[in-house]
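Here is the file protein_17.txt (compact mmCIF, C-alpha atoms).
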# COMPACT_ATOMS: atom_id res chain seq x y z
CA MET A 1 28.57 -40.04 18.60
CA LYS A 2 27.19 -36.87 16.93
CA LYS A 3 24.12 -37.35 14.74
CA LEU A 4 24.57 -36.53 10.97
CA TYR A 5 21.68 -34.05 10.94
CA SER A 6 23.30 -31.92 13.62
CA THR A 7 26.70 -31.61 11.94
CA SER A 8 27.53 -28.15 10.58
CA GLU A 9 28.60 -29.66 7.25
CA TYR A 10 25.15 -31.17 6.74
CA LYS A 11 23.37 -27.98 7.83
CA ILE A 12 25.28 -25.86 5.27
CA ARG A 13 24.62 -28.33 2.47
CA ASN A 14 20.95 -28.62 3.37
CA THR A 15 20.44 -24.85 3.51
CA LYS A 16 22.00 -24.45 0.07
CA ARG A 17 19.84 -27.23 -1.31
CA ALA A 18 16.67 -25.75 0.15
CA ALA A 19 17.47 -22.33 -1.33
CA SER A 20 18.08 -23.85 -4.75
CA ARG A 21 14.84 -25.87 -4.64
CA LEU A 22 12.88 -22.80 -3.59
CA LYS A 23 14.35 -20.80 -6.43
CA SER A 24 13.42 -23.38 -9.04
CA ARG A 25 9.97 -23.78 -7.50
CA LEU A 26 9.34 -20.06 -7.74
CA LEU A 27 10.67 -19.93 -11.28
CA SER A 28 8.43 -22.81 -12.28
CA LYS A 29 5.44 -21.08 -10.72
CA ALA A 30 6.30 -17.85 -12.58
CA LYS A 31 6.51 -19.80 -15.79
CA GLN A 32 3.20 -21.48 -15.12
CA LYS A 33 1.66 -18.11 -14.38
CA ALA A 34 3.00 -16.65 -17.61
CA ARG A 35 1.68 -19.67 -19.51
CA ARG A 36 -1.72 -19.32 -17.86
CA LYS A 37 -1.78 -15.61 -18.75
CA LYS A 38 -1.30 -16.45 -22.42
CA PHE A 39 -4.43 -18.56 -22.41
CA GLU A 40 -6.50 -16.14 -20.33
CA GLY A 41 -9.81 -15.29 -21.94
CA LEU A 42 -9.49 -18.06 -24.54
CA LYS A 43 -12.03 -20.82 -24.87
CA LYS A 44 -11.02 -24.26 -23.63
CA GLU A 45 -11.00 -25.71 -27.16
CA VAL A 46 -8.75 -22.91 -28.35
CA GLN A 47 -6.43 -23.45 -25.42
CA LYS A 48 -6.29 -27.16 -26.21
CA GLN A 49 -5.58 -26.40 -29.85
CA LYS A 50 -2.77 -24.02 -28.94
CA ARG A 51 -1.19 -26.64 -26.71
CA ILE A 52 -1.27 -29.17 -29.55
CA ASP A 53 0.12 -26.62 -32.01
CA LYS A 54 3.11 -26.14 -29.78
CA THR A 55 4.23 -29.70 -30.50
CA PHE A 56 4.46 -28.93 -34.24
CA THR A 57 7.43 -27.40 -36.01
CA ASN A 58 6.21 -24.38 -37.92
CA LYS A 59 7.52 -24.35 -41.51
CA LYS A 60 6.71 -21.17 -43.35
CA ALA A 61 6.25 -21.70 -47.09
CA PRO A 62 7.93 -19.42 -49.64
CA ALA A 63 5.74 -16.37 -50.38
CA ASN A 64 5.74 -17.20 -54.07
CA PHE A 65 4.48 -20.74 -53.75
CA SER A 66 4.77 -21.69 -57.39
CA PHE A 67 6.84 -24.62 -58.57
CA ILE A 68 7.07 -23.18 -62.07
CA GLU A 69 8.02 -19.65 -61.10
CA ASN A 70 10.00 -20.25 -57.94
CA THR A 71 11.30 -23.78 -58.52
CA GLU A 72 14.43 -23.82 -56.39
CA ALA A 73 12.84 -22.14 -53.36
CA VAL A 74 9.93 -24.61 -53.42
CA LEU A 75 12.35 -27.54 -53.75
CA GLN A 76 14.38 -26.16 -50.84
CA TYR A 77 11.18 -25.93 -48.78
CA LEU A 78 10.29 -29.54 -49.55
CA ASP A 79 13.82 -30.63 -48.63
CA GLU A 80 13.46 -28.94 -45.26
CA LEU A 81 10.12 -30.68 -44.72
CA LYS A 82 11.73 -33.98 -45.63
CA THR A 83 14.44 -33.44 -43.03
CA LEU A 84 11.80 -32.81 -40.36
CA PHE A 85 9.91 -35.94 -41.42
CA ARG A 86 13.11 -37.96 -41.14
CA GLN A 87 13.59 -36.58 -37.62
CA ARG A 88 10.00 -37.65 -36.92
CA LYS A 89 8.93 -34.14 -35.99
CA ASN A 90 5.32 -33.12 -36.46
CA VAL A 91 5.09 -30.35 -38.99
CA LEU A 92 2.83 -27.39 -39.50
CA ILE A 93 2.89 -26.32 -43.13
CA ASN A 94 2.43 -22.60 -42.75
CA LEU A 95 0.89 -21.06 -45.84
CA LYS A 96 -0.65 -18.08 -44.12
CA ASP A 97 1.55 -15.49 -45.74
CA ILE A 98 1.89 -16.82 -49.26
CA SER A 99 1.12 -14.22 -51.90
CA ASN A 100 1.14 -16.38 -55.01
CA LEU A 101 0.00 -19.95 -55.56
CA THR A 102 -0.18 -22.10 -58.67
CA ASN A 103 -1.68 -25.55 -59.06
CA ASP A 104 1.69 -27.04 -59.91
CA ALA A 105 2.82 -26.33 -56.33
CA ILE A 106 -0.39 -27.88 -55.03
CA VAL A 107 0.10 -31.10 -56.96
CA LEU A 108 3.73 -31.23 -55.85
CA LEU A 109 2.81 -30.72 -52.22
CA LEU A 110 0.02 -33.28 -52.54
CA SER A 111 2.28 -35.93 -54.01
CA PHE A 112 4.68 -35.18 -51.19
CA VAL A 113 2.48 -35.12 -48.11
CA LYS A 114 0.33 -38.05 -49.24
CA ASN A 115 3.37 -40.27 -49.77
CA PRO A 116 3.72 -42.44 -46.65
CA LYS A 117 7.36 -43.24 -47.41
CA ILE A 118 8.26 -39.56 -47.38
CA VAL A 119 6.05 -38.56 -44.47
CA ASN A 120 7.45 -41.33 -42.28
CA GLY A 121 4.42 -41.51 -39.99
CA VAL A 122 4.72 -37.88 -38.94
CA THR A 123 1.58 -35.82 -38.33
CA ILE A 124 1.21 -32.97 -40.77
CA ARG A 125 -1.01 -29.99 -40.28
CA GLY A 126 -1.41 -26.91 -42.29
CA ASN A 127 -3.04 -23.55 -42.28
CA TYR A 128 -4.58 -21.78 -45.21
CA PRO A 129 -3.44 -18.62 -46.94
CA LYS A 130 -4.82 -15.32 -45.65
CA ASP A 131 -5.55 -14.26 -49.21
CA GLU A 132 -9.16 -15.25 -49.93
CA LYS A 133 -8.59 -16.44 -53.51
CA LEU A 134 -5.56 -18.52 -52.61
CA ARG A 135 -7.39 -19.88 -49.59
CA LYS A 136 -10.23 -21.12 -51.77
CA ILE A 137 -7.83 -22.92 -54.09
CA PHE A 138 -6.17 -24.63 -51.16
CA VAL A 139 -9.36 -25.65 -49.42
CA GLU A 140 -10.62 -27.25 -52.63
CA SER A 141 -7.33 -29.02 -53.26
CA GLY A 142 -7.93 -31.21 -50.18
CA ILE A 143 -4.26 -31.20 -49.21
CA PHE A 144 -4.93 -30.99 -45.51
CA ASN A 145 -7.93 -33.31 -45.56
CA ASN A 146 -7.73 -36.95 -44.78
CA ASN A 147 -8.75 -37.97 -48.27
CA ASN A 148 -6.37 -39.08 -50.96
CA GLY A 149 -7.34 -36.55 -53.54
CA ASN A 150 -9.53 -39.03 -55.39
CA GLU A 151 -12.95 -38.16 -54.06
CA ASP A 152 -15.60 -37.27 -56.55
CA GLU A 153 -15.87 -33.63 -55.66
CA HIS A 154 -18.38 -31.40 -57.33
CA LYS A 155 -16.18 -28.38 -57.63
CA ASN A 156 -14.87 -26.94 -60.79
CA TYR A 157 -12.06 -24.87 -59.41
CA ILE A 158 -9.46 -27.54 -58.95
CA LEU A 159 -9.56 -31.28 -59.52
CA THR A 160 -7.00 -33.82 -58.47
CA ARG A 161 -6.58 -37.44 -59.42
CA ARG A 162 -3.92 -40.01 -58.73
CA ASN A 163 -3.13 -43.54 -59.80
CA LYS A 164 -0.30 -45.90 -60.60
CA LYS A 165 -1.38 -46.98 -64.05
CA ALA A 166 -2.24 -45.19 -67.27
CA GLU A 167 -5.93 -44.46 -66.83
CA GLY A 168 -7.66 -43.33 -69.99
CA GLY A 169 -10.93 -42.89 -68.12
CA ILE A 170 -9.39 -40.33 -65.76
CA ALA A 171 -7.66 -38.42 -68.57
CA ALA A 172 -10.85 -38.37 -70.67
CA GLU A 173 -13.00 -37.23 -67.74
CA LEU A 174 -10.70 -34.36 -66.80
CA ILE A 175 -10.40 -33.24 -70.41
CA LYS A 176 -14.17 -33.32 -70.82
CA ARG A 177 -14.61 -31.02 -67.83
CA ALA A 178 -11.77 -28.76 -68.95
CA SER A 179 -13.21 -28.40 -72.44
CA LYS A 180 -16.58 -27.41 -71.03
CA VAL A 181 -14.88 -24.61 -69.14
CA VAL A 182 -12.68 -23.43 -71.99
CA PHE A 183 -14.85 -24.03 -75.06
CA GLY A 184 -18.28 -23.81 -73.48
CA GLU A 185 -19.25 -27.42 -74.23
CA GLU A 186 -17.97 -30.88 -73.46
CA GLY A 187 -15.47 -32.05 -76.01
CA ARG A 188 -12.33 -34.05 -76.62
CA CYS A 189 -8.74 -32.88 -76.91
CA PRO A 190 -6.82 -35.79 -78.44
CA GLY A 191 -3.49 -33.99 -78.04
CA VAL A 192 -3.94 -33.40 -74.30
CA TYR A 193 -5.11 -37.00 -73.89
CA ARG A 194 -1.99 -38.18 -75.66
CA ALA A 195 0.37 -36.13 -73.48
CA LEU A 196 -1.33 -37.25 -70.27
CA MET A 197 -1.43 -40.93 -71.21
CA GLU A 198 2.20 -40.84 -72.25
CA SER A 199 3.17 -39.23 -68.96
CA MET A 200 1.19 -41.80 -66.97
CA ALA A 201 2.83 -44.64 -68.91
CA ASN A 202 6.27 -43.17 -68.26
CA THR A 203 5.54 -43.07 -64.53
CA CYS A 204 4.34 -46.64 -64.62
CA TYR A 205 7.35 -47.96 -66.52
CA HIS A 206 10.30 -45.72 -65.81
CA ALA A 207 9.74 -43.83 -62.56
CA LYS A 208 10.99 -46.75 -60.47
CA PRO A 209 13.45 -49.02 -62.24
CA GLN A 210 12.58 -52.70 -61.94
CA GLN A 211 9.31 -51.89 -60.21
CA ILE A 212 6.66 -51.43 -62.87
CA GLY A 213 3.48 -49.78 -61.63
CA GLU A 214 4.86 -48.96 -58.19
CA GLU A 215 5.13 -45.19 -58.44
CA THR A 216 2.09 -42.95 -58.08
CA TRP A 217 1.34 -40.12 -60.45
CA TRP A 218 -0.70 -37.08 -59.51
CA LEU A 219 -2.64 -34.87 -61.85
CA THR A 220 -4.22 -31.57 -60.96
CA VAL A 221 -6.44 -29.58 -63.25
CA TYR A 222 -7.03 -25.95 -62.39
CA HIS A 223 -9.39 -23.48 -63.95
CA ASP A 224 -8.03 -19.96 -64.10
CA LYS A 225 -11.25 -18.01 -64.42
CA GLU A 226 -9.58 -14.65 -65.01
CA ASP A 227 -7.50 -15.88 -67.92
CA ASN A 228 -10.05 -18.50 -69.06
CA HIS A 229 -7.59 -21.30 -69.42
CA VAL A 230 -7.31 -24.68 -67.76
CA SER A 231 -3.91 -25.85 -66.63
CA PHE A 232 -2.89 -29.47 -66.23
CA ALA A 233 -0.06 -30.22 -63.80
CA PHE A 234 1.20 -33.80 -63.79
CA ILE A 235 3.81 -35.11 -61.39
CA ASP A 236 5.53 -38.23 -60.16
CA LEU A 237 8.28 -38.52 -57.57
CA GLY A 238 10.25 -41.22 -59.36
CA VAL A 239 13.84 -41.09 -60.54
CA GLY A 240 13.18 -38.43 -63.18
CA ILE A 241 13.65 -38.40 -66.96
CA PHE A 242 17.44 -38.23 -66.99
CA LYS A 243 17.95 -41.02 -64.51
CA SER A 244 15.53 -43.50 -66.04
CA SER A 245 16.95 -46.78 -67.30
CA LYS A 246 15.81 -45.90 -70.83
CA MET A 247 18.01 -42.82 -70.76
CA ASN A 248 21.26 -44.35 -69.50
CA ASP A 249 22.44 -45.93 -72.74
CA PHE A 250 21.28 -42.98 -74.80
CA LYS A 251 23.10 -40.51 -72.56
CA ALA A 252 26.33 -42.47 -72.77
CA LYS A 253 26.22 -42.45 -76.57
CA ALA A 254 25.20 -38.80 -76.75
CA ALA A 255 28.16 -37.94 -74.53
CA SER A 256 30.73 -39.93 -76.47
CA LEU A 257 29.54 -39.15 -80.01
CA LEU A 258 28.07 -35.68 -79.69
CA GLY A 259 29.86 -34.41 -76.62
CA LEU A 260 26.55 -33.79 -74.87
CA SER A 261 26.76 -34.08 -71.14
CA ASP A 262 24.44 -31.34 -69.95
CA ASN A 263 20.89 -32.62 -69.45
CA ARG A 264 19.53 -29.43 -71.03
CA ASP A 265 21.27 -30.31 -74.31
CA ILE A 266 20.13 -33.91 -74.02
CA LEU A 267 16.51 -32.80 -73.69
CA ARG A 268 16.86 -30.37 -76.61
CA GLU A 269 18.17 -33.18 -78.78
CA ILE A 270 15.47 -35.61 -77.76
CA ILE A 271 12.67 -33.25 -78.63
CA SER A 272 14.19 -31.78 -81.77
CA GLY A 273 16.18 -34.77 -82.98
CA ARG A 274 18.43 -32.44 -85.00
CA LYS A 275 21.82 -33.99 -84.32
CA LEU A 276 20.42 -37.42 -83.64
CA SER A 277 19.20 -37.89 -87.18
CA SER A 278 22.69 -37.26 -88.53
CA THR A 279 24.25 -39.83 -86.22
CA LYS A 280 23.51 -43.44 -85.52
CA ILE A 281 22.20 -42.67 -82.08
CA LEU A 282 18.60 -43.68 -81.76
CA TYR A 283 16.40 -42.42 -79.01
CA ARG A 284 13.76 -45.10 -78.65
CA GLY A 285 11.29 -43.24 -76.54
CA LYS A 286 8.61 -41.49 -78.53
CA GLY A 287 6.78 -39.98 -75.57
CA LEU A 288 8.83 -36.82 -75.05
CA PRO A 289 9.14 -35.89 -78.75
CA THR A 290 5.40 -36.44 -79.12
CA ILE A 291 4.60 -34.24 -76.14
CA PHE A 292 6.74 -31.50 -77.67
CA LYS A 293 5.08 -31.95 -81.07
CA GLY A 294 1.76 -31.34 -79.34
CA LEU A 295 2.87 -27.80 -78.67
CA GLU A 296 3.78 -27.22 -82.32
CA ARG A 297 0.46 -28.69 -83.39
CA ASN A 298 -1.43 -26.36 -81.09
CA TYR A 299 -2.91 -29.17 -79.03
CA TYR A 300 -2.04 -27.09 -75.97
CA SER A 301 0.02 -24.07 -74.87
CA ASN A 302 2.64 -23.07 -72.35
CA LEU A 303 4.34 -26.44 -72.06
CA LYS A 304 6.86 -26.87 -69.27
CA ILE A 305 8.87 -29.83 -68.03
CA ILE A 306 10.90 -30.05 -64.82
CA SER A 307 12.96 -33.13 -64.12
CA ASN A 308 16.23 -33.75 -62.27
CA ASP A 309 18.38 -30.68 -62.88
CA VAL A 310 16.46 -29.30 -65.87
CA LYS A 311 13.61 -26.83 -66.03
CA ALA A 312 12.41 -26.43 -69.59
CA ASP A 313 9.94 -23.84 -70.80
CA LEU A 314 9.35 -25.43 -74.18
CA SER A 315 7.00 -22.73 -75.40
CA ASN A 316 9.80 -20.16 -75.10
CA ASP A 317 12.73 -22.49 -75.84
CA ASN A 318 14.17 -21.67 -72.44
CA PHE A 319 16.16 -24.41 -70.70
CA VAL A 320 17.48 -23.72 -67.20
CA LYS A 321 19.89 -25.82 -65.17
CA LEU A 322 18.62 -26.11 -61.61
CA LYS A 323 20.99 -25.80 -58.67
CA LYS A 324 18.65 -27.95 -56.65
CA GLU A 325 17.68 -31.31 -58.13
CA PHE A 326 14.11 -32.48 -58.39
CA SER A 327 13.80 -36.23 -58.13
CA GLY A 328 10.78 -36.84 -60.29
CA THR A 329 9.07 -35.68 -63.43
CA PHE A 330 6.78 -32.71 -63.71
CA LEU A 331 4.77 -31.74 -66.76
CA TYR A 332 2.67 -28.62 -67.13
CA LEU A 333 0.46 -27.52 -70.00
CA GLU A 334 -2.43 -25.18 -70.57
CA LEU A 335 -5.56 -25.46 -72.62
CA ASN A 336 -7.13 -22.25 -73.91
CA ASN A 337 -9.79 -21.42 -76.48
CA THR A 338 -7.25 -21.08 -79.31
CA ASN A 339 -6.13 -24.72 -78.98
CA ARG A 340 -7.40 -27.65 -81.04
CA TRP A 341 -10.35 -29.62 -79.81
CA THR A 342 -13.17 -31.73 -81.20
CA LYS A 343 -16.78 -32.31 -80.19
CA MET B 1 -12.15 -52.78 -103.73
CA ASP B 2 -14.08 -54.08 -100.74
CA LYS B 3 -13.03 -53.10 -97.28
CA ILE B 4 -12.93 -54.66 -93.87
CA ILE B 5 -13.68 -51.97 -91.34
CA ILE B 6 -12.41 -51.45 -87.81
CA LYS B 7 -13.84 -48.56 -85.87
CA ILE B 8 -11.73 -48.46 -82.75
CA ALA B 9 -14.29 -46.48 -80.70
CA ASP B 10 -16.98 -49.14 -81.38
CA ASP B 11 -14.94 -52.31 -81.79
CA TYR B 12 -12.44 -51.81 -78.98
CA THR B 13 -12.73 -48.78 -76.70
CA LYS B 14 -13.31 -45.04 -76.55
CA ILE B 15 -10.43 -44.65 -74.12
CA PRO B 16 -7.40 -46.43 -75.60
CA GLY B 17 -4.58 -47.13 -73.17
CA VAL B 18 -0.86 -47.36 -73.69
CA ARG B 19 1.45 -50.22 -74.70
CA GLU B 20 1.09 -53.16 -72.33
CA GLU B 21 -1.64 -54.45 -70.06
CA ILE B 22 0.61 -54.05 -67.03
CA GLU B 23 0.54 -50.28 -67.64
CA GLY B 24 -3.24 -49.97 -67.81
CA ASP B 25 -6.46 -51.02 -69.52
CA PHE B 26 -7.05 -51.23 -73.27
CA PRO B 27 -3.41 -51.48 -74.31
CA GLY B 28 -2.15 -51.41 -77.89
CA GLU B 29 -0.77 -54.93 -77.63
CA GLU B 30 -4.21 -56.29 -76.79
CA PHE B 31 -5.80 -54.35 -79.64
CA LEU B 32 -3.21 -55.79 -82.01
CA GLU B 33 -3.71 -59.33 -80.81
CA LYS B 34 -7.49 -59.38 -80.58
CA ILE B 35 -8.63 -57.07 -83.37
CA LEU B 36 -6.03 -55.57 -85.66
CA SER B 37 -3.96 -58.63 -86.48
CA PRO B 38 -6.86 -61.07 -87.13
CA ARG B 39 -8.72 -58.56 -89.32
CA PHE B 40 -5.55 -57.65 -91.19
CA LYS B 41 -4.92 -61.32 -91.86
CA GLN B 42 -8.50 -61.66 -93.06
CA ALA B 43 -8.14 -58.61 -95.32
CA ILE B 44 -4.97 -60.01 -96.90
CA ALA B 45 -6.57 -63.42 -97.40
CA GLU B 46 -9.70 -61.91 -98.96
CA LYS B 47 -7.67 -59.38 -100.98
CA LYS B 48 -9.45 -56.52 -99.33
CA LYS B 49 -8.24 -53.30 -97.73
CA LEU B 50 -8.42 -52.86 -93.99
CA TYR B 51 -10.07 -49.55 -93.18
CA VAL B 52 -9.25 -48.27 -89.70
CA ASP B 53 -11.47 -45.48 -88.39
CA LEU B 54 -9.63 -43.68 -85.60
CA ASP B 55 -12.33 -41.14 -84.77
CA ASP B 56 -14.61 -40.74 -81.74
CA THR B 57 -12.14 -41.89 -79.10
CA ALA B 58 -10.65 -39.66 -76.39
CA GLY B 59 -7.32 -39.78 -78.23
CA TYR B 60 -4.33 -42.08 -78.60
CA ALA B 61 -1.10 -42.43 -76.69
CA THR B 62 1.95 -42.80 -78.90
CA SER B 63 2.78 -46.10 -77.25
CA PHE B 64 -0.68 -47.47 -78.10
CA LEU B 65 -0.25 -46.61 -81.76
CA GLU B 66 3.33 -47.85 -81.90
CA SER B 67 2.60 -51.17 -80.26
CA ALA B 68 -0.50 -51.78 -82.38
CA PHE B 69 0.48 -50.62 -85.85
CA GLY B 70 4.26 -50.84 -85.37
CA GLY B 71 3.62 -54.25 -83.84
CA LEU B 72 1.73 -55.32 -86.95
CA ALA B 73 4.69 -54.28 -89.12
CA ARG B 74 6.99 -56.26 -86.88
CA GLU B 75 4.70 -59.28 -87.19
CA TYR B 76 5.01 -59.16 -90.98
CA LYS B 77 8.64 -58.00 -90.82
CA ASP B 78 7.84 -55.49 -93.55
CA HIS B 79 6.21 -52.11 -93.17
CA LYS B 80 5.17 -51.95 -96.83
CA ILE B 81 2.68 -54.81 -96.50
CA VAL B 82 1.01 -52.93 -93.68
CA LEU B 83 0.97 -49.52 -95.37
CA ASP B 84 -0.25 -50.95 -98.69
CA ASN B 85 -3.17 -52.76 -97.13
CA ILE B 86 -4.47 -50.35 -94.52
CA GLU B 87 -6.40 -47.12 -94.99
CA PHE B 88 -6.95 -44.75 -92.14
CA LYS B 89 -9.60 -42.22 -91.27
CA SER B 90 -8.91 -39.53 -88.72
CA ASP B 91 -11.02 -36.39 -88.84
CA ASP B 92 -10.58 -35.69 -85.12
CA ASP B 93 -6.81 -35.38 -85.32
CA PRO B 94 -5.33 -34.55 -88.72
CA PHE B 95 -1.76 -35.41 -87.63
CA LEU B 96 -2.57 -38.92 -86.48
CA ILE B 97 -2.32 -40.74 -89.81
CA ASP B 98 1.16 -39.41 -90.56
CA ASP B 99 2.27 -40.34 -87.05
CA ILE B 100 1.03 -43.90 -87.46
CA LYS B 101 2.74 -44.25 -90.84
CA GLU B 102 5.98 -43.06 -89.25
CA TYR B 103 5.68 -45.63 -86.46
CA VAL B 104 5.00 -48.36 -88.99
CA LYS B 105 8.03 -47.36 -91.06
CA ASP B 106 10.26 -47.24 -87.97
CA ALA B 107 8.96 -50.49 -86.53
CA ASN B 108 11.60 -52.75 -88.03
CA ASN B 109 14.53 -50.30 -87.72
CA LYS B 110 16.20 -51.94 -84.77

Show me this structure written as structure tokens.
Amino acid sequence: MKKLYSTSEYKIRNTKRAASRLKSRLLSKAKQKARRKKFEGLKKEVQKQKRIDKTFTNKKAPANFSFIENTEAVLQYLDELKTLFRQRKNVLINLKDISNLTNDAIVLLLSFVKNPKIVNGVTIRGNYPKDEKLRKIFVESGIFNNNNGNEDEHKNYILTRRNKKAEGGIAAELIKRASKVVFGEEGRCPGVYRALMESMANTCYHAKPQQIGEETWWLTVYHDKEDNHVSFAFIDLGVGIFKSSKMNDFKAKAASLLGLSDNRDILREIISGRKLSSTKILYRGKGLPTIFKGLERNYYSNLKIISNDVKADLSNDNFVKLKKEFSGTFLYLELNNTNRWTK
Amino acid sequence: MDKIIIKIADDYTKIPGVREEIEGDFPGEEFLEKILSPRFKQAIAEKKKLYVDLDDTAGYATSFLESAFGGLAREYKDHKIVLDNIEFKSDDDPFLIDDIKEYVKDANNK
């Protein structure tokens, strides 16, 4: 009987197989060579770093990284990050090429990347903007550090605090520092305190229905040295103003009696109370109207609110319907040397 | 007419909280229960005015004021008793007294 190895059928198959293996071996070697060439001349640590970086998905941030100015693009960016987190892919937040940055985007990004439920155990890394000024803001924000934004830093450029309850001590401390910057001495700003405390209480009570004190709020205070104002950006990633339990009943009545269905009109009515006073609809919450009154009373300037599908620039009476929803509540206000304060 | 005085910054806190204890420290409900309500009762019994000095704190959340002073009006089921027997002082924030009076008036409108 003829041995298998000596059959012509086997010889043909084996030759083909050998050729194929050789080809892939050579290709693999060429690839390895190309890979080695890339790292030639680089230090071992750099090489190691580059290898690690390759396992991260690079997500380039919008050039105008401002939640206030470029709301929908920033929300889109966060949505894309969220998708990567859900897929458990490590992410590199690439901020190298951003040309504009405001503290509202920092506080939003902070609340996002420091939320374990959103991040889903994924490793996040980030690089800093090339622009020196923007870089400094980011470094001081501590976004890519392993802290939780609550360390007692001795910087006066940007300060961040977070909590789950209404913390008068935090609000008072941040206001004291802000007033020193704006007015030249430590003081109190009862109107700013009021707005911050009200926002914290809303997060505690309404951000997560049936779960009081479960949602975290974030507050960032930024000193714009050029314009000599201090901006306060407050955020929570709860259900948002228009989806809170407090709002449901009110919205239903406003829709049936006043024909209001657009959240922009609802917000206008809540803060002005024009039509409400002529009807029997009562809006129980006093927080939002009070925050708006603070603007009229010159407690602060440039008040903005973003929640669900509404972006409201209350200082300019400009209400925009967002195409992309923001699940949460964002409040922004500025303190400058024309605003009310007391020693 | 003699007065019973409450200075919130000295008698309670310099950093008033919000409505309930579950939301944070120094809530309006606690202030009502421990300080405002007993002193108001005392003022009524002694036919004195209750003088509430609101100055020298960091500020006041609306919910603190509503739960404390609105809560007092709810306790007496009549805002007039409260407004007739309390005097306020607020040099730090000139709008505060009108706000409180509004909360007291609205307290029983449910």

Check: which chain B residues lie within 7 Å of chain A using all atoms listed in the file, as a compact mmCIF listing (two decimals) with C-alpha atoms, in the frame of the given file:
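Done, and the output landed in part.txt:
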# COMPACT_ATOMS: atom_id res chain seq x y z
CA ILE B 15 -10.43 -44.65 -74.12
CA PRO B 16 -7.40 -46.43 -75.60
CA GLY B 17 -4.58 -47.13 -73.17
CA VAL B 18 -0.86 -47.36 -73.69
CA GLU B 23 0.54 -50.28 -67.64
CA GLY B 24 -3.24 -49.97 -67.81
CA ALA B 58 -10.65 -39.66 -76.39
CA GLY B 59 -7.32 -39.78 -78.23
CA TYR B 60 -4.33 -42.08 -78.60
CA ALA B 61 -1.10 -42.43 -76.69
CA THR B 62 1.95 -42.80 -78.90
CA ASP B 92 -10.58 -35.69 -85.12
CA ASP B 93 -6.81 -35.38 -85.32

Counting only C-alpha atoms, select every polymer residue within 10 Å of (6.7, -36.0, -40.1) as defined in the file's coordinates, and provide the selection as a ChimeraX atom specification.
/A:56-57,81-92,113,116,118-125

Give me the box for stretch 35-52 of chain A as lines of an AutoDock Vina configuration file, namely the centre and edge lengths in Å to one decimal of a box along x, y and z that holds every listed atom plus 3 Å on each side.
center_x = -5.2
center_y = -22.2
center_z = -23.9
size_x = 19.7
size_y = 19.9
size_z = 18.0

Atom CA of A:Asp104 to atom CA of A:Asn336: how many Å, to one decimal?
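These two atoms are separated by 17.2 Å.
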
Distance cut-off 7 Å, centre (-1.6, -48.9, -80.1) in file coordinates, counting only C-alpha atoms: which residues qualify? Return them as a VMD selection string.
chain B and resid 18 to 19 27 to 29 31 63 to 69

Measure the distance from atom CA of A:Asn94 to atom CA of A:Lys117 in Å and round it to one decimal.
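Atom-to-atom, atom CA of A:Asn94 and atom CA of A:Lys117 are spaced 21.7 Å apart.
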
Excluding same-chain residues fewer than 6 positions from A:Val74, what lies within 9 Å of it counting all atoms listed in the file, as a count of residues only?
7

Give me, please, the distance in Å between atom CA of A:Glu40 and atom CA of A:Leu95, quoted to one decimal.
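So the answer is 27.0 Å.
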
Any idea what's packed within 9 Å of stretch 43-56 of chain B, counting all atoms listed in the file, ignoring anything in its chain fewer than 2 positions away? Could you give it as a PyMOL selection string?
(chain A and resi 188+343) or (chain B and resi 1-10+14+36+38-41+58-60+84-93+96-97)

Which polymer residues have any atom within 10 Å of an atom of B:Ala107, counting only C-alpha atoms, with same-chain residues fewer than 4 positions away left out, as a list in words?
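The neighbour list is Glu66, Ser67, Phe69, Gly70, Gly71, Leu72, Ala73, Arg74, Glu75, Lys77, Asp78, His79, Lys101, Glu102 and Tyr103 of chain B.
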
Create the file for the chosen residues now, containing C-alpha atoms and written as a PDB file, in the frame of the given file.
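result_38.pdb, freshly written:
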ATOM      1  CA  GLU B  66       3.330 -47.850 -81.900  1.00  0.00           C
ATOM      2  CA  SER B  67       2.600 -51.170 -80.260  1.00  0.00           C
ATOM      3  CA  PHE B  69       0.480 -50.620 -85.850  1.00  0.00           C
ATOM      4  CA  GLY B  70       4.260 -50.840 -85.370  1.00  0.00           C
ATOM      5  CA  GLY B  71       3.620 -54.250 -83.840  1.00  0.00           C
ATOM      6  CA  LEU B  72       1.730 -55.320 -86.950  1.00  0.00           C
ATOM      7  CA  ALA B  73       4.690 -54.280 -89.120  1.00  0.00           C
ATOM      8  CA  ARG B  74       6.990 -56.260 -86.880  1.00  0.00           C
ATOM      9  CA  GLU B  75       4.700 -59.280 -87.190  1.00  0.00           C
ATOM     10  CA  LYS B  77       8.640 -58.000 -90.820  1.00  0.00           C
ATOM     11  CA  ASP B  78       7.840 -55.490 -93.550  1.00  0.00           C
ATOM     12  CA  HIS B  79       6.210 -52.110 -93.170  1.00  0.00           C
ATOM     13  CA  LYS B 101       2.740 -44.250 -90.840  1.00  0.00           C
ATOM     14  CA  GLU B 102       5.980 -43.060 -89.250  1.00  0.00           C
ATOM     15  CA  TYR B 103       5.680 -45.630 -86.460  1.00  0.00           C
TER      16      TYR B 103
END
